[in-house]
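Worksheet: one structure, shown below.
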Amino acid sequence: MRARSKIKDGFLLCPVTPGVGPELSGRLSHSFEYGTYKLFYDGPEVEVYGETSVFIRGYVIPRISDSGNYGSLNQGRLVASLHERYGRSLTSHLKGYFLIIIFSRGKIEVFTDQIGLYKAFYYYKGDQLCISGSVRDLSLTGLIPEFDAASLGMQSLFNRVPLHYTIFRDLFKTTCGDSFTISEGRSTHVKYWSPDDLTGHDVNDPGPGIEEFAELFRALISNFRRFLKPESAIITLTGGKDSRTILAALLGDGQKPTGITYGNDNSRDAVYAAKLAMASGIGHMIIKPPGTREWFEEEASRIVADLNPEINIHRSHRNYAFARAAESTGSDAAFYTGYLGGELLMGIYFDNLIFTDFLKEMWKTGGITDLSTRLEESFLRIDRQLTDQIFERILHMRSMVPGLSEKMRAFQGIFEIGIPHHSQDVYLSAAYWDYPYPVFLDIEFLELLFMSRYSFLHKDNSSRNLLKRHGLYSLSMQLQHLLYPGLDHVPFGKRGSYNTREYLMGPLCWSAVKGFRYFSDRRKYPPSFAYGEAYRFFLEGRLEKAVDSRCLTNDYFDTGKAVAALKASPPMTTERHLHKFSNIVMFNMLEQEMIR
């Protein structure tokens, strides 16, 4: 049995306070004092370069245009050099998955990555900032986390808490492009980047073409490998296009990553990923979790062990796969993934999990309806004051700015909802591998994409006509061909099972081949991962314990009603149907973890 998880390379930055320190020694073994603040940490040291000291969690690399001048430096010296030359504007010259703390000239400056993949938690003691990668460590500064009913309501509606809020009152999380400055005992918070920075291009400008994207992908992969020098590479493999595009770039760069596929080895994703791995000549692991009630209990306990309210317990199968794969790779590894590649190119798919039905209706109408009913369906105990608070927070979401088109609401929603959803897996994978890299979320790719005609903003994915849908896939398919044509003959694991060569023959040939195979090969594949009766029994058991105990969960949720609804419901195998129950169970597990 694996040990309970512990956050990798933890840290806590807080004002120097009598009594804060001894309690942290069991978790964070090093410290660095600067003025009236103290940094406690594990893992890589604070690096000192003259009058500038640098602390990094995650990783940073130079942007492609800066790699010639800074590509030979280590990460700490890269940050120190850019800070010396550009000051706060250093973030225009680097990227990655990071939290950076810079101690220089009597100031402390904190930066997180542009799109908000790295999540830190923070609160204020008066004007003084306390920030950490762990809610548990923050509690050692004197913080007593209290639950926030409005945030729990938001979580019920969106399957996560949007904006900078968390489920804890007055405890916040970092999002896109956050920066903090601590000077003369006061803290200021400024956004140095926002998704709006990607928009505003001339709609009449055709923008970059396929060749420019191919050159960018080659540079992204090469720059990443040369600067970080990981000992090994891992890539998620499915039957789809996103991972195939990244694999083509890696193979074109001469790299042979190990492929990993989650879940049932008879699923469509696993079967076609195995074909792809064989054709590529790479190693491949298909990792299927036990899926028993006891297994769910153990894995969910690991998920909540560090009190990270952003990681849902339904990510248990991903965490298990990462742990198993890491047993044979070591931590000095790059982990390549294709999160949101399809949505960025073709548009959002409303699955009632990442993007909920409530969100879909809200974007379509530009308004908020049936709020109380929706909350009650998630078993939340509500009153007028609570619904008013939730209504007010929804109005502050960027995707709800008046006058936005549905496309622009979806654009904002990718950053408000989509990226935070996938950042769960980035966080979990970072506990095992040093360099998680969701390539389609690289800031330089996003900049080029939204300058082009290839983003979903210029596509119509509503048509079911195959001839019209052909153009939706043009960037991915042509990129793969240019980056590594050796994969052109390997079929995709989607309905119709066509390959790149057949796609490039044009819409008529492609639609004919796809249609013929769809009707001639109707083999039923099991889902990659199904939440069966064992998961249901796990949720039921946890809810029943909550009903029978004197816990705060009952103050916020009607757990008795939730148990009855779950028992009365038909068999359900997908998380989108079970989320309203697992949200309550996760809340209860966090509550119990807080009093351990």
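Identifiers in the structure tokens: chain A, B, ... in order shown; residue index from 1 per chain; ligand index from 1 in order shown.
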
- request: Just list the residues in stretch 427-542 of chain A DSSP gives helix (DSSP H, G or I) on the backbone, as number ranges by chain.
  value: A: 427-430, 439-441, 443-449, 456-458, 466-483, 485-487, 500-504, 507-520, 533-542

Which residues of stretch 178-212 of chain A come within 12 Å of stretch 455-474 of chain A, and what is each one's closest atom pair and distance in Å (one decimal), counting only C-alpha atoms, sorted by chain and residue number, as CSV?
residue,atom,partner,partner_atom,distance
A:Leu198,CA,A:Ser455,CA,11.5
A:Thr199,CA,A:Leu457,CA,10.4
A:His201,CA,A:Leu457,CA,11.9
A:Val203,CA,A:His458,CA,9.5
A:Asn204,CA,A:His458,CA,11.6
A:Pro206,CA,A:His458,CA,11.0
A:Gly207,CA,A:Ser455,CA,11.1
A:Pro208,CA,A:Ser455,CA,11.4
A:Gly209,CA,A:Ser474,CA,11.1
A:Ile210,CA,A:Ser474,CA,9.0

- request: Give me, please, the distance in Å between atom CA of A:Met408 and atom CA of A:His421, quoted to one decimal.
  value: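 If I compute the distance from atom CA of A:Met408 to atom CA of A:His421, I get 19.0 Å.
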
field: Contacts of stretch 119-135 of chain A within 6 Å, only C-alpha atoms, excl. fewer than 5 positions in-chain, as a PyMOL selection string
entry: chain A and resi 11-14+171-174+186-187+307

Spatial neighbours of stretch 325-332 of chain A, 9 Å, only C-alpha atoms, chain gap at least 6 places, as a list in words: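 Everything that qualifies: Lys229, Pro230, Glu231, Ser232, Ala233, Ile234, Thr258, Ile260, Met285, Ile287, Ala430, Ala431, Tyr432, Trp433, Asp434 and Tyr435 of chain A.
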
Would you write out those residues with N, CA, C and O atoms, as a PDB file, in the first residue's frame?
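Result written to result_23.pdb:
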ATOM      1  N   LYS A 229      16.678  19.684 -19.849  1.00  0.00           N
ATOM      2  CA  LYS A 229      17.487  18.458 -19.917  1.00  0.00           C
ATOM      3  C   LYS A 229      16.923  17.312 -19.062  1.00  0.00           C
ATOM      4  O   LYS A 229      17.630  16.704 -18.247  1.00  0.00           O
ATOM      5  N   PRO A 230      15.657  16.983 -19.214  1.00  0.00           N
ATOM      6  CA  PRO A 230      15.099  15.859 -18.449  1.00  0.00           C
ATOM      7  C   PRO A 230      15.746  14.544 -18.877  1.00  0.00           C
ATOM      8  O   PRO A 230      16.113  14.363 -20.041  1.00  0.00           O
ATOM      9  N   GLU A 231      15.872  13.632 -17.923  1.00  0.00           N
ATOM     10  CA  GLU A 231      16.489  12.339 -18.223  1.00  0.00           C
ATOM     11  C   GLU A 231      15.574  11.443 -19.043  1.00  0.00           C
ATOM     12  O   GLU A 231      16.046  10.567 -19.766  1.00  0.00           O
ATOM     13  N   SER A 232      14.266  11.613 -18.902  1.00  0.00           N
ATOM     14  CA  SER A 232      13.333  10.766 -19.642  1.00  0.00           C
ATOM     15  C   SER A 232      12.096  11.567 -20.006  1.00  0.00           C
ATOM     16  O   SER A 232      11.899  12.687 -19.526  1.00  0.00           O
ATOM     17  N   ALA A 233      11.270  10.988 -20.855  1.00  0.00           N
ATOM     18  CA  ALA A 233      10.054  11.660 -21.314  1.00  0.00           C
ATOM     19  C   ALA A 233       8.881  10.687 -21.265  1.00  0.00           C
ATOM     20  O   ALA A 233       9.021   9.512 -21.622  1.00  0.00           O
ATOM     21  N   ILE A 234       7.749  11.181 -20.810  1.00  0.00           N
ATOM     22  CA  ILE A 234       6.508  10.417 -20.731  1.00  0.00           C
ATOM     23  C   ILE A 234       5.442  11.214 -21.465  1.00  0.00           C
ATOM     24  O   ILE A 234       5.422  12.446 -21.396  1.00  0.00           O
ATOM     25  N   THR A 258       8.024   7.440 -23.355  1.00  0.00           N
ATOM     26  CA  THR A 258       7.204   6.305 -22.929  1.00  0.00           C
ATOM     27  C   THR A 258       5.752   6.746 -22.891  1.00  0.00           C
ATOM     28  O   THR A 258       5.425   7.782 -22.310  1.00  0.00           O
ATOM     29  N   ILE A 260       1.799   6.487 -21.772  1.00  0.00           N
ATOM     30  CA  ILE A 260       0.935   5.927 -20.735  1.00  0.00           C
ATOM     31  C   ILE A 260      -0.521   6.200 -21.119  1.00  0.00           C
ATOM     32  O   ILE A 260      -0.857   7.265 -21.644  1.00  0.00           O
ATOM     33  N   MET A 285       2.596   1.893 -21.491  1.00  0.00           N
ATOM     34  CA  MET A 285       1.974   1.315 -20.310  1.00  0.00           C
ATOM     35  C   MET A 285       0.488   1.648 -20.305  1.00  0.00           C
ATOM     36  O   MET A 285       0.117   2.806 -20.508  1.00  0.00           O
ATOM     37  N   ILE A 287      -2.501   1.526 -17.688  1.00  0.00           N
ATOM     38  CA  ILE A 287      -2.614   1.394 -16.239  1.00  0.00           C
ATOM     39  C   ILE A 287      -4.071   1.401 -15.837  1.00  0.00           C
ATOM     40  O   ILE A 287      -4.769   2.419 -15.964  1.00  0.00           O
ATOM     41  N   ALA A 430       2.863  16.596 -11.057  1.00  0.00           N
ATOM     42  CA  ALA A 430       4.065  17.277 -10.561  1.00  0.00           C
ATOM     43  C   ALA A 430       4.570  16.678  -9.257  1.00  0.00           C
ATOM     44  O   ALA A 430       5.710  16.936  -8.862  1.00  0.00           O
ATOM     45  N   ALA A 431       3.754  15.873  -8.584  1.00  0.00           N
ATOM     46  CA  ALA A 431       4.217  15.184  -7.385  1.00  0.00           C
ATOM     47  C   ALA A 431       5.157  14.037  -7.743  1.00  0.00           C
ATOM     48  O   ALA A 431       5.895  13.549  -6.884  1.00  0.00           O
ATOM     49  N   TYR A 432       5.148  13.619  -9.018  1.00  0.00           N
ATOM     50  CA  TYR A 432       5.953  12.476  -9.442  1.00  0.00           C
ATOM     51  C   TYR A 432       7.028  12.846 -10.457  1.00  0.00           C
ATOM     52  O   TYR A 432       8.087  12.223 -10.486  1.00  0.00           O
ATOM     53  N   TRP A 433       6.744  13.842 -11.310  1.00  0.00           N
ATOM     54  CA  TRP A 433       7.693  14.227 -12.359  1.00  0.00           C
ATOM     55  C   TRP A 433       7.980  15.722 -12.262  1.00  0.00           C
ATOM     56  O   TRP A 433       7.098  16.520 -11.982  1.00  0.00           O
ATOM     57  N   ASP A 434       9.215  16.094 -12.541  1.00  0.00           N
ATOM     58  CA  ASP A 434       9.648  17.479 -12.345  1.00  0.00           C
ATOM     59  C   ASP A 434       9.080  18.449 -13.379  1.00  0.00           C
ATOM     60  O   ASP A 434       8.937  19.639 -13.090  1.00  0.00           O
ATOM     61  N   TYR A 435       8.753  17.947 -14.575  1.00  0.00           N
ATOM     62  CA  TYR A 435       8.438  18.877 -15.663  1.00  0.00           C
ATOM     63  C   TYR A 435       7.149  18.501 -16.400  1.00  0.00           C
ATOM     64  O   TYR A 435       7.176  18.034 -17.539  1.00  0.00           O
TER      65      TYR A 435
END

- request: Select from stretch 400-476 of chain A everything DSSP, run on the backbone, classes as strand (DSSP E or B), then give the selection as a ChimeraX atom specification.
  value: /A:435-438

Residue nearest A:Thr112 - candidates A:Tyr531, A:Tyr498, A:Tyr556, A:Tyr59, atoms counted: only C-alpha atoms: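 Distance minimum relative to A:Thr112 lands on A:Tyr59.
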
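Among the candidate residues A:Gly240, A:Gly142, A:Ala530, A:His422, the one lying nearest to A:Pro290 is A:Ala530, with distances computed using only C-alpha atoms.
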
Please tabulate, as JSON lines, the residues of stretch 120-214 of chain A that come within 12 Å of stretch 27-35 of chain A, each with its closest pair of atoms and the distance in Å to one decimal, counting only C-alpha atoms and ordering rows by chain, then residue number upward.
{"residue": "A:Ser132", "atom": "CA", "partner": "A:Leu28", "partner_atom": "CA", "distance": 11.4}
{"residue": "A:Gly133", "atom": "CA", "partner": "A:Leu28", "partner_atom": "CA", "distance": 11.7}
{"residue": "A:Ser134", "atom": "CA", "partner": "A:Arg27", "partner_atom": "CA", "distance": 10.8}
{"residue": "A:Arg136", "atom": "CA", "partner": "A:Arg27", "partner_atom": "CA", "distance": 10.0}
{"residue": "A:Asp137", "atom": "CA", "partner": "A:Arg27", "partner_atom": "CA", "distance": 8.2}
{"residue": "A:Leu138", "atom": "CA", "partner": "A:Arg27", "partner_atom": "CA", "distance": 11.9}
{"residue": "A:Leu140", "atom": "CA", "partner": "A:Arg27", "partner_atom": "CA", "distance": 10.7}
{"residue": "A:Ile182", "atom": "CA", "partner": "A:Gly35", "partner_atom": "CA", "distance": 10.3}
{"residue": "A:Ser183", "atom": "CA", "partner": "A:Gly35", "partner_atom": "CA", "distance": 9.5}
{"residue": "A:Glu184", "atom": "CA", "partner": "A:Gly35", "partner_atom": "CA", "distance": 9.2}
{"residue": "A:Gly185", "atom": "CA", "partner": "A:Gly35", "partner_atom": "CA", "distance": 9.2}

message: Report as number ranges by chain all protein, DNA and RNA residues lying within 8 Å of A:Leu504, evaluated on only C-alpha atoms, omitting residues in the same chain fewer than 3 positions from it.
response: A: 477-478, 500-501, 510

Would you export the selected residues with N, CA and C atoms as a PDB file, in the first residue's frame, please?
ATOM      1  N   MET A 477      -4.163  17.825 -38.153  1.00  0.00           N
ATOM      2  CA  MET A 477      -3.791  16.803 -39.123  1.00  0.00           C
ATOM      3  C   MET A 477      -2.602  17.237 -39.977  1.00  0.00           C
ATOM      4  N   GLN A 478      -2.604  18.467 -40.427  1.00  0.00           N
ATOM      5  CA  GLN A 478      -1.487  18.925 -41.241  1.00  0.00           C
ATOM      6  C   GLN A 478      -0.219  19.072 -40.409  1.00  0.00           C
ATOM      7  N   THR A 500      -4.257   9.870 -41.009  1.00  0.00           N
ATOM      8  CA  THR A 500      -3.871  11.196 -41.509  1.00  0.00           C
ATOM      9  C   THR A 500      -3.827  11.222 -43.030  1.00  0.00           C
ATOM     10  N   ARG A 501      -3.309  10.153 -43.617  1.00  0.00           N
ATOM     11  CA  ARG A 501      -3.205  10.093 -45.078  1.00  0.00           C
ATOM     12  C   ARG A 501      -4.587  10.219 -45.711  1.00  0.00           C
ATOM     13  N   TRP A 510     -12.297  11.620 -47.287  1.00  0.00           N
ATOM     14  CA  TRP A 510     -12.292  11.437 -45.829  1.00  0.00           C
ATOM     15  C   TRP A 510     -13.679  11.085 -45.305  1.00  0.00           C
TER      16      TRP A 510
END

- request: List the neighbours of A:Glu146 out to 10 Å using only C-alpha atoms; skip same-chain residues closer than 3 positions along the sequence, and give me the result as a PyMOL selection string.
  value: chain A and resi 143+149+167-171+591
